$ cat model-v3.cif   # mmCIF, C-alpha atoms
data_protein
loop_
_atom_site.group_PDB
_atom_site.id
_atom_site.type_symbol
_atom_site.label_atom_id
_atom_site.label_comp_id
_atom_site.auth_asym_id
_atom_site.auth_seq_id
_atom_site.Cartn_x
_atom_site.Cartn_y
_atom_site.Cartn_z
ATOM 1 C CA MET A 1 46.918 198.387 66.553
ATOM 2 C CA ARG A 2 45.675 196.757 69.702
ATOM 3 C CA ASP A 3 45.880 198.572 72.995
ATOM 4 C CA GLU A 4 47.481 196.093 75.388
ATOM 5 C CA THR A 5 46.941 198.290 78.434
ATOM 6 C CA ARG A 6 43.205 198.577 77.923
ATOM 7 C CA LEU A 7 42.987 194.913 76.962
ATOM 8 C CA GLU A 8 44.624 193.997 80.249
ATOM 9 C CA GLN A 9 42.137 196.221 82.078
ATOM 10 C CA ILE A 10 39.241 194.383 80.448
ATOM 11 C CA ARG A 11 40.904 191.060 81.291
ATOM 12 C CA SER A 12 41.277 192.083 84.940
ATOM 13 C CA THR A 13 37.699 193.273 85.134
ATOM 14 C CA LEU A 14 36.410 190.001 83.706
ATOM 15 C CA ALA A 15 38.538 188.094 86.205
ATOM 16 C CA VAL A 16 36.735 189.816 89.095
ATOM 17 C CA ASP A 17 33.536 188.122 87.895
ATOM 18 C CA GLY A 18 35.329 184.789 87.402
ATOM 19 C CA TYR A 19 36.038 184.859 83.660
ATOM 20 C CA GLN A 20 39.198 184.467 81.598
ATOM 21 C CA LEU A 21 39.848 186.278 78.340
ATOM 22 C CA SER A 22 42.095 185.030 75.564
ATOM 23 C CA VAL A 23 42.784 186.821 72.308
ATOM 24 C CA GLU A 24 44.388 185.301 69.237
ATOM 25 C CA GLU A 25 45.183 187.086 66.002
ATOM 26 C CA ALA A 26 43.854 185.362 62.927
ATOM 27 C CA GLY A 27 44.995 187.339 59.923
ATOM 28 C CA SER A 28 43.306 190.707 60.059
ATOM 29 C CA ALA A 29 40.749 189.501 62.617
ATOM 30 C CA PHE A 30 40.780 188.298 66.212
ATOM 31 C CA ASP A 31 39.445 185.188 67.854
ATOM 32 C CA VAL A 32 38.355 186.224 71.334
ATOM 33 C CA ARG A 33 37.391 183.542 73.797
ATOM 34 C CA ILE A 34 35.862 184.144 77.215
ATOM 35 C CA THR A 35 35.734 181.147 79.499
ATOM 36 C CA ALA A 36 34.151 180.726 82.900
ATOM 37 C CA GLY A 37 36.124 179.749 85.961
ATOM 38 C CA ALA A 38 34.796 178.154 89.117
ATOM 39 C CA GLY A 39 32.303 180.386 90.862
ATOM 40 C CA SER A 40 31.825 182.718 87.926
ATOM 41 C CA CYS A 41 28.841 185.031 88.093
ATOM 42 C CA PRO A 42 26.339 183.872 85.446
ATOM 43 C CA ASP A 43 24.608 187.227 84.986
ATOM 44 C CA CYS A 44 27.729 189.347 85.001
ATOM 45 C CA LEU A 45 28.885 189.021 81.393
ATOM 46 C CA VAL A 46 27.692 191.814 79.163
ATOM 47 C CA PRO A 47 25.694 190.716 76.093
ATOM 48 C CA LYS A 48 27.931 189.646 73.216
ATOM 49 C CA ASN A 49 27.210 192.585 70.939
ATOM 50 C CA MET A 50 28.065 194.918 73.811
ATOM 51 C CA MET A 51 31.346 193.090 74.427
ATOM 52 C CA VAL A 52 32.241 193.300 70.734
ATOM 53 C CA SER A 53 31.497 197.034 70.745
ATOM 54 C CA MET A 54 33.794 197.488 73.737
ATOM 55 C CA LEU A 55 36.600 195.321 72.325
ATOM 56 C CA ALA A 56 36.630 196.735 68.790
ATOM 57 C CA PRO A 57 38.433 200.010 69.578
ATOM 58 C CA ILE A 58 40.795 198.191 71.933
ATOM 59 C CA LEU A 59 41.787 195.660 69.280
ATOM 60 C CA GLY A 60 41.874 198.294 66.566
ATOM 61 C CA VAL A 61 39.428 196.538 64.272
ATOM 62 C CA GLY A 62 35.799 196.929 63.374
ATOM 63 C CA PRO A 63 33.165 194.726 65.022
ATOM 64 C CA ASP A 64 33.291 192.381 62.033
ATOM 65 C CA GLY A 65 36.927 191.684 62.813
ATOM 66 C CA ILE A 66 36.125 190.002 66.126
ATOM 67 C CA ARG A 67 34.978 186.407 66.456
ATOM 68 C CA LEU A 68 33.750 186.175 70.033
ATOM 69 C CA SER A 69 33.119 182.985 71.944
ATOM 70 C CA TYR A 70 31.230 182.934 75.235
ATOM 71 C CA PRO A 71 31.029 180.113 77.773
ATOM 72 C CA SER A 72 27.486 179.406 76.658
ATOM 73 C CA ASP A 73 28.569 178.843 73.046
ATOM 74 C CA VAL A 74 29.087 175.401 71.648
ATOM 75 C CA ALA A 75 31.712 176.677 69.208
ATOM 76 C CA PRO A 76 33.273 180.055 68.373
ATOM 77 C CA ALA A 77 30.921 182.143 66.325
ATOM 78 C CA ASN A 78 30.729 185.534 64.718
ATOM 79 C CA ARG A 79 29.315 188.325 66.826
ATOM 80 C CA THR A 80 25.567 188.286 67.350
ATOM 81 C CA MET B 1 6.155 185.184 65.824
ATOM 82 C CA PHE B 2 8.360 188.011 67.057
ATOM 83 C CA ASP B 3 6.667 191.255 67.920
ATOM 84 C CA ARG B 4 10.028 193.049 67.953
ATOM 85 C CA ILE B 5 13.681 192.325 68.591
ATOM 86 C CA LEU B 6 15.147 193.864 71.723
ATOM 87 C CA ASP B 7 18.684 195.219 71.626
ATOM 88 C CA PRO B 8 20.235 194.728 75.086
ATOM 89 C CA THR B 9 22.668 197.579 74.512
ATOM 90 C CA GLY B 10 19.836 200.052 74.072
ATOM 91 C CA LEU B 11 21.761 201.437 71.115
ATOM 92 C CA SER B 12 18.938 200.936 68.658
ATOM 93 C CA VAL B 13 16.612 203.384 70.358
ATOM 94 C CA ARG B 14 18.882 206.210 71.418
ATOM 95 C CA PRO B 15 21.292 208.513 69.672
ATOM 96 C CA THR B 16 24.835 207.314 70.288
ATOM 97 C CA ASN B 17 27.262 209.841 68.962
ATOM 98 C CA VAL B 18 26.635 212.956 71.025
ATOM 99 C CA ALA B 19 27.405 213.502 74.698
ATOM 100 C CA VAL B 20 24.440 215.260 76.277
ATOM 101 C CA ALA B 21 24.381 216.406 79.880
ATOM 102 C CA ALA B 22 21.141 217.508 81.475
ATOM 103 C CA ARG B 23 20.978 220.858 83.182
ATOM 104 C CA ARG B 24 21.859 220.451 86.856
ATOM 105 C CA VAL B 25 19.171 221.411 89.389
ATOM 106 C CA PRO B 26 19.882 224.782 91.026
ATOM 107 C CA SER B 27 19.272 223.423 94.515
ATOM 108 C CA LEU B 28 18.434 220.121 96.131
ATOM 109 C CA ALA B 29 15.964 221.739 98.533
ATOM 110 C CA GLY B 30 12.627 220.268 97.520
ATOM 111 C CA ALA B 31 14.212 218.437 94.579
ATOM 112 C CA ARG B 32 12.480 215.186 93.629
ATOM 113 C CA VAL B 33 14.823 212.210 93.681
ATOM 114 C CA GLY B 34 14.286 209.007 91.709
ATOM 115 C CA LEU B 35 16.127 205.833 92.700
ATOM 116 C CA LEU B 36 16.810 203.069 90.188
ATOM 117 C CA ASN B 37 18.030 199.848 91.743
ATOM 118 C CA ASN B 38 19.686 197.323 89.425
ATOM 119 C CA THR B 39 19.017 194.289 91.695
ATOM 120 C CA LYS B 40 22.614 193.818 92.803
ATOM 121 C CA ARG B 41 22.976 192.826 96.415
ATOM 122 C CA ASN B 42 23.029 195.952 98.642
ATOM 123 C CA ALA B 43 22.036 198.265 95.780
ATOM 124 C CA ALA B 44 18.561 198.901 97.187
ATOM 125 C CA GLN B 45 19.897 199.648 100.651
ATOM 126 C CA LEU B 46 22.654 201.913 99.377
ATOM 127 C CA LEU B 47 20.212 203.914 97.270
ATOM 128 C CA THR B 48 17.718 204.133 100.127
ATOM 129 C CA GLU B 49 20.437 205.381 102.466
ATOM 130 C CA LEU B 50 21.502 207.968 99.890
ATOM 131 C CA GLY B 51 17.902 209.112 99.499
ATOM 132 C CA ASP B 52 17.604 209.517 103.268
ATOM 133 C CA LEU B 53 20.867 211.487 103.415
ATOM 134 C CA LEU B 54 19.820 213.780 100.564
ATOM 135 C CA ARG B 55 16.583 214.427 102.468
ATOM 136 C CA ASP B 56 18.255 215.042 105.809
ATOM 137 C CA ARG B 57 21.207 217.110 104.581
ATOM 138 C CA TYR B 58 19.843 218.898 101.524
ATOM 139 C CA GLY B 59 16.042 218.868 101.840
ATOM 140 C CA ALA B 60 15.433 216.637 98.827
ATOM 141 C CA VAL B 61 12.536 214.188 98.682
ATOM 142 C CA VAL B 62 12.534 210.682 97.222
ATOM 143 C CA THR B 63 9.505 210.390 94.953
ATOM 144 C CA ILE B 64 10.034 207.039 93.304
ATOM 145 C CA GLN B 65 12.119 203.887 93.717
ATOM 146 C CA ARG B 66 12.130 201.277 90.989
ATOM 147 C CA THR B 67 13.990 198.029 90.350
ATOM 148 C CA LYS B 68 15.189 197.024 86.904
ATOM 149 C CA PRO B 69 13.842 193.687 85.685
ATOM 150 C CA HIS B 70 17.309 192.468 84.723
ATOM 151 C CA VAL B 71 20.704 193.523 85.998
ATOM 152 C CA ALA B 72 22.491 193.206 82.653
ATOM 153 C CA PHE B 73 20.166 195.316 80.537
ATOM 154 C CA PRO B 74 19.683 199.070 80.411
ATOM 155 C CA VAL B 75 16.458 200.515 81.776
ATOM 156 C CA ASP B 76 13.605 200.204 79.308
ATOM 157 C CA GLU B 77 11.789 203.194 77.885
ATOM 158 C CA PRO B 78 8.552 202.849 79.932
ATOM 159 C CA MET B 79 10.428 202.671 83.234
ATOM 160 C CA LEU B 80 12.716 205.527 82.221
ATOM 161 C CA LYS B 81 9.710 207.692 81.410
ATOM 162 C CA GLU B 82 7.906 206.692 84.606
ATOM 163 C CA ILE B 83 10.899 207.725 86.723
ATOM 164 C CA ALA B 84 11.683 210.863 84.706
ATOM 165 C CA ALA B 85 8.079 212.061 85.043
ATOM 166 C CA VAL B 86 8.350 212.415 88.814
ATOM 167 C CA SER B 87 12.060 213.089 89.322
ATOM 168 C CA ASP B 88 14.315 216.118 89.080
ATOM 169 C CA VAL B 89 17.416 213.980 89.634
ATOM 170 C CA VAL B 90 18.121 210.246 89.525
ATOM 171 C CA ILE B 91 20.543 207.985 91.359
ATOM 172 C CA THR B 92 21.242 204.558 89.916
ATOM 173 C CA GLY B 93 23.491 201.600 90.641
ATOM 174 C CA VAL B 94 25.264 199.711 91.859
ATOM 175 C CA GLY B 95 27.622 198.762 89.065
ATOM 176 C CA ASP B 96 29.229 195.953 91.003
ATOM 177 C CA CYS B 97 29.838 193.515 88.137
ATOM 178 C CA GLY B 98 30.669 193.650 84.440
ATOM 179 C CA SER B 99 27.210 193.650 82.944
ATOM 180 C CA CYS B 100 25.585 195.795 85.616
ATOM 181 C CA SER B 101 28.293 198.467 85.544
ATOM 182 C CA ALA B 102 27.935 198.698 81.766
ATOM 183 C CA SER B 103 24.155 198.936 81.922
ATOM 184 C CA ALA B 104 24.327 201.431 84.812
ATOM 185 C CA ALA B 105 26.454 203.739 82.660
ATOM 186 C CA ALA B 106 23.965 203.356 79.822
ATOM 187 C CA ASP B 107 21.127 204.169 82.242
ATOM 188 C CA GLY B 108 22.830 207.324 83.437
ATOM 189 C CA ILE B 109 23.398 208.534 79.888
ATOM 190 C CA ALA B 110 19.776 207.745 78.996
ATOM 191 C CA PHE B 111 18.496 209.844 81.909
ATOM 192 C CA GLU B 112 20.827 212.711 81.019
ATOM 193 C CA ARG B 113 19.505 212.620 77.465
ATOM 194 C CA ALA B 114 15.983 212.693 78.891
ATOM 195 C CA GLY B 115 16.902 215.890 80.726
ATOM 196 C CA ILE B 116 17.372 214.382 84.190
ATOM 197 C CA PRO B 117 20.762 214.755 85.920
ATOM 198 C CA ALA B 118 21.945 211.300 86.924
ATOM 199 C CA ALA B 119 24.397 210.009 89.511
ATOM 200 C CA VAL B 120 25.681 206.543 88.552
ATOM 201 C CA ILE B 121 27.400 204.543 91.280
ATOM 202 C CA VAL B 122 29.947 201.978 90.131
ATOM 203 C CA SER B 123 32.459 199.949 92.101
ATOM 204 C CA ASP B 124 36.016 200.859 91.145
ATOM 205 C CA ALA B 125 36.854 197.382 89.833
ATOM 206 C CA PHE B 126 34.381 197.941 87.015
ATOM 207 C CA GLU B 127 35.176 201.483 86.012
ATOM 208 C CA VAL B 128 36.750 200.174 82.799
ATOM 209 C CA THR B 129 33.599 198.325 81.769
ATOM 210 C CA ALA B 130 31.311 201.226 82.629
ATOM 211 C CA ARG B 131 33.511 203.693 80.791
ATOM 212 C CA ALA B 132 33.743 201.434 77.748
ATOM 213 C CA MET B 133 29.962 201.266 77.655
ATOM 214 C CA ALA B 134 29.720 205.037 78.043
ATOM 215 C CA GLY B 135 32.040 205.311 75.043
ATOM 216 C CA VAL B 136 29.823 202.978 73.039
ATOM 217 C CA HIS B 137 26.963 205.362 73.847
ATOM 218 C CA GLY B 138 28.985 208.338 72.654
ATOM 219 C CA ASP B 139 29.891 209.782 76.045
ATOM 220 C CA GLU B 140 33.284 208.426 77.081
ATOM 221 C CA SER B 141 33.770 211.236 79.595
ATOM 222 C CA PHE B 142 30.520 210.487 81.400
ATOM 223 C CA GLU B 143 31.160 211.082 85.084
ATOM 224 C CA LEU B 144 30.866 207.980 87.255
ATOM 225 C CA LEU B 145 30.773 207.950 91.034
ATOM 226 C CA LEU B 146 33.211 205.286 92.163
ATOM 227 C CA THR B 147 33.110 203.313 95.369
ATOM 228 C CA PRO B 148 35.563 200.593 96.425
ATOM 229 C CA HIS B 149 34.834 197.071 95.219
ATOM 230 C CA PRO B 150 33.017 195.009 96.374
ATOM 231 C CA VAL B 151 29.689 196.354 97.557
ATOM 232 C CA ALA B 152 27.723 193.102 97.584
ATOM 233 C CA VAL B 153 29.512 191.627 100.585
ATOM 234 C CA LEU B 154 29.080 194.621 102.901
ATOM 235 C CA ASN B 155 26.878 194.397 105.958
ATOM 236 C CA ALA B 156 24.136 196.925 106.651
ATOM 237 C CA GLU B 157 26.360 199.169 108.734
ATOM 238 C CA GLN B 158 29.061 199.195 106.070
ATOM 239 C CA VAL B 159 26.544 200.035 103.364
ATOM 240 C CA ALA B 160 25.372 202.990 105.443
ATOM 241 C CA GLU B 161 29.000 204.122 105.726
ATOM 242 C CA ARG B 162 29.405 203.925 101.952
ATOM 243 C CA ALA B 163 26.318 206.069 101.514
ATOM 244 C CA THR B 164 27.726 208.642 103.898
ATOM 245 C CA GLU B 165 30.979 208.680 101.923
ATOM 246 C CA LEU B 166 29.140 209.090 98.625
ATOM 247 C CA VAL B 167 26.393 211.573 99.394
ATOM 248 C CA ALA B 168 28.397 214.767 98.807
ATOM 249 C CA ASP B 169 29.599 213.447 95.455
ATOM 250 C CA VAL B 170 26.032 212.568 94.517
ATOM 251 C CA ALA B 171 24.905 216.086 95.415
ATOM 252 C CA ASN B 172 27.791 217.582 93.441
ATOM 253 C CA ARG B 173 26.960 215.444 90.465
ATOM 254 C CA VAL B 174 23.323 216.495 90.126
ATOM 255 C CA CYS B 175 23.142 219.952 91.702
ATOM 256 C CA GLU B 176 24.582 223.211 90.404
ATOM 257 C CA LEU B 177 24.732 224.819 93.834
ATOM 258 C CA ALA B 178 26.555 221.904 95.417
ATOM 259 C CA ARG B 179 29.372 222.033 92.840
#
$ encode --input "model-v3.cif" --output "C-alpha cells"
Amino acid sequence: MRDETRLEQIRSTLAVDGYQLSVEEAGSAFDVRITAGAGSCPDCLVPKNMMVSMLAPILGVGPDGIRLSYPSDVAPANRT
Amino acid sequence: MFDRILDPTGLSVRPTNVAVAARRVPSLAGARVGLLNNTKRNAAQLLTELGDLLRDRYGAVVTIQRTKPHVAFPVDEPMLKEIAAVSDVVITGVGDCGSCSASAAADGIAFERAGIPAAVIVSDAFEVTARAMAGVHGDESFELLLTPHPVAVLNAEQVAERATELVADVANRVCELAR
C-alpha cells in the first residue's frame, strides 16, 4: 500500500529543485514520471536507480514494480 | 571497452543492511577535522567557518579539505580513504538539493563505517531525500544536522551566522564529551 504522506514529501522536495512528480497505477506496478519545470536544477535529481530505491518502499512495491521516467528520457523506461 | 561500471548509489561497494556508528572522539582538543565539500554554493565557506569555530572553541585542527568531483555522487573510495587517514572526525555537506542531500547522507554513513564520526549538514527542505537515502544504505535513523533552506543564496555574513548556529551540534555529533 502506498504511503501518500511520504509520497507528498518526496513531491514537495522535488518541487524545491523545480521538478514535478506524477504517479499512475498500472496494474500491480507504477508509472512514475518526473518532469522539469522552468529553472529546474539540472544536477539536482538523484540517479534513477537511487530514486527507484527511495520510491519502492513508499509505493509498497519492489524496484521492478516502478517504471520511472526522467526529463532526459525520450520515453518511459524500466529502471536503470 | 569498459574497465568497470560505477554505481552512483555506492551500494555495490558497501554493506547496506547494518547501521554502524563510529566511536565518538573523547574530546575535540587536538582532534583532526576533515572537511568534505560537495561543490554546492556556500558549502566550502560554511565548512571552513565550522572548521575555524571548532579550532577556536574546542581546540580542534583542520587537517584536510577536499571537494567531491560531482555533487550528485557519493564520495569515492580513494578520497574517502585519503580523508579518513588524516581525520578523527569529518564534516560534510551541504545537502542543499535532492541529489546532494542524498549523496551527503551516503557519505556520512560511509565515513561512520570507516570508523570516522561524521557530521552531515543538510538543509531542512531535503531532509526527506537524505533520510530516504540513509534508509537505502541501511541506516534510516542516521542523524542529520539540519539548517534552514536555502543555503546557496546566503551572503558571506549569513553563512558565518549559520556556522555559528551549527557548531555546537557538530561538536555534539562527533564528540563524546560534548554530548
$ resolve_selection --input "model-v3.cif" --expression "the PyMOL selection byres ((chain B) within 12 of (chain A))" --output "PDB file with C-alpha atoms, in the frame of the given file"
ATOM      1  CA  LEU B   6      15.147 193.864  71.723  1.00  0.00           C
ATOM      2  CA  ASP B   7      18.684 195.219  71.626  1.00  0.00           C
ATOM      3  CA  PRO B   8      20.235 194.728  75.086  1.00  0.00           C
ATOM      4  CA  THR B   9      22.668 197.579  74.512  1.00  0.00           C
ATOM      5  CA  GLY B  10      19.836 200.052  74.072  1.00  0.00           C
ATOM      6  CA  LEU B  11      21.761 201.437  71.115  1.00  0.00           C
ATOM      7  CA  SER B  12      18.938 200.936  68.658  1.00  0.00           C
ATOM      8  CA  THR B  39      19.017 194.289  91.695  1.00  0.00           C
ATOM      9  CA  LYS B  40      22.614 193.818  92.803  1.00  0.00           C
ATOM     10  CA  HIS B  70      17.309 192.468  84.723  1.00  0.00           C
ATOM     11  CA  VAL B  71      20.704 193.523  85.998  1.00  0.00           C
ATOM     12  CA  ALA B  72      22.491 193.206  82.653  1.00  0.00           C
ATOM     13  CA  PHE B  73      20.166 195.316  80.537  1.00  0.00           C
ATOM     14  CA  PRO B  74      19.683 199.070  80.411  1.00  0.00           C
ATOM     15  CA  GLY B  95      27.622 198.762  89.065  1.00  0.00           C
ATOM     16  CA  ASP B  96      29.229 195.953  91.003  1.00  0.00           C
ATOM     17  CA  CYS B  97      29.838 193.515  88.137  1.00  0.00           C
ATOM     18  CA  GLY B  98      30.669 193.650  84.440  1.00  0.00           C
ATOM     19  CA  SER B  99      27.210 193.650  82.944  1.00  0.00           C
ATOM     20  CA  CYS B 100      25.585 195.795  85.616  1.00  0.00           C
ATOM     21  CA  SER B 101      28.293 198.467  85.544  1.00  0.00           C
ATOM     22  CA  ALA B 102      27.935 198.698  81.766  1.00  0.00           C
ATOM     23  CA  SER B 103      24.155 198.936  81.922  1.00  0.00           C
ATOM     24  CA  ALA B 104      24.327 201.431  84.812  1.00  0.00           C
ATOM     25  CA  ALA B 106      23.965 203.356  79.822  1.00  0.00           C
ATOM     26  CA  SER B 123      32.459 199.949  92.101  1.00  0.00           C
ATOM     27  CA  ASP B 124      36.016 200.859  91.145  1.00  0.00           C
ATOM     28  CA  ALA B 125      36.854 197.382  89.833  1.00  0.00           C
ATOM     29  CA  PHE B 126      34.381 197.941  87.015  1.00  0.00           C
ATOM     30  CA  GLU B 127      35.176 201.483  86.012  1.00  0.00           C
ATOM     31  CA  VAL B 128      36.750 200.174  82.799  1.00  0.00           C
ATOM     32  CA  THR B 129      33.599 198.325  81.769  1.00  0.00           C
ATOM     33  CA  ALA B 130      31.311 201.226  82.629  1.00  0.00           C
ATOM     34  CA  ARG B 131      33.511 203.693  80.791  1.00  0.00           C
ATOM     35  CA  ALA B 132      33.743 201.434  77.748  1.00  0.00           C
ATOM     36  CA  MET B 133      29.962 201.266  77.655  1.00  0.00           C
ATOM     37  CA  ALA B 134      29.720 205.037  78.043  1.00  0.00           C
ATOM     38  CA  GLY B 135      32.040 205.311  75.043  1.00  0.00           C
ATOM     39  CA  VAL B 136      29.823 202.978  73.039  1.00  0.00           C
ATOM     40  CA  HIS B 137      26.963 205.362  73.847  1.00  0.00           C
ATOM     41  CA  GLY B 138      28.985 208.338  72.654  1.00  0.00           C
ATOM     42  CA  GLU B 140      33.284 208.426  77.081  1.00  0.00           C
ATOM     43  CA  HIS B 149      34.834 197.071  95.219  1.00  0.00           C
ATOM     44  CA  PRO B 150      33.017 195.009  96.374  1.00  0.00           C
TER      45      PRO B 150
END
$ atom_distance --input "model-v3.cif" --atom1 "atom CA of Thr5 of chain A" --atom2 "atom CA of Asp64 of chain A"
22.1 Å
$ resolve_selection --input "model-v3.cif" --expression "the PyMOL selection byres ((chain B and resi 22) around 9)" --output "PyMOL selection string"
chain B and resi 20-21+23-24+111-118+174
$ atom_distance --input "model-v3.cif" --atom1 "atom CA of Gln45 of chain B" --atom2 "atom CA of Val33 of chain B"
15.2 Å
$ residues_around --input "model-v3.cif" --residues "Thr63 of chain B" --least-positions-apart "4" --cutoff "10 Å" --atoms "all atoms listed in the file" --output "PyMOL selection string"
chain B and resi 31-35+51+83+86-88
$ write_last_selection --input "model-v3.cif" --atoms "C-alpha atoms" --output "JSON list (two decimals), keeping the file's coordinate frame"
[["chain", "number", "residue", "atom", "x", "y", "z"],
["B", 31, "ALA", "CA", 14.21, 218.44, 94.58],
["B", 32, "ARG", "CA", 12.48, 215.19, 93.63],
["B", 33, "VAL", "CA", 14.82, 212.21, 93.68],
["B", 34, "GLY", "CA", 14.29, 209.01, 91.71],
["B", 35, "LEU", "CA", 16.13, 205.83, 92.70],
["B", 51, "GLY", "CA", 17.90, 209.11, 99.50],
["B", 83, "ILE", "CA", 10.90, 207.72, 86.72],
["B", 86, "VAL", "CA", 8.35, 212.42, 88.81],
["B", 87, "SER", "CA", 12.06, 213.09, 89.32],
["B", 88, "ASP", "CA", 14.32, 216.12, 89.08]]
$ atom_distance --input "model-v3.cif" --atom1 "atom CA of Asp56 of chain B" --atom2 "atom CA of Asn42 of chain B"
20.9 Å
$ resolve_selection --input "model-v3.cif" --expression "the PyMOL selection byres ((chain A and resi 32) around 9)" --output "list in words"
Leu21, Ser22, Val23, Glu24, Glu25, Phe30, Asp31, Arg33, Ile34, Ile66, Arg67, Leu68, Ser69, Tyr70 and Pro76 of chain A
$ closest_residue --input "model-v3.cif" --among "A:Gly65, A:Arg2, A:Pro71, A:Val52" --to "Ala36 of chain A" --atoms "only C-alpha atoms"
A:Pro71
$ residues_around --input "model-v3.cif" --residues "Gly93 of chain B" --least-positions-apart "3" --cutoff "8 Å" --atoms "only C-alpha atoms" --output "list in words"
Leu36, Asn37, Asn38, Ala43, Leu47, Cys100, Ser101, Ala104, Val120, Ile121 and Val122 of chain B
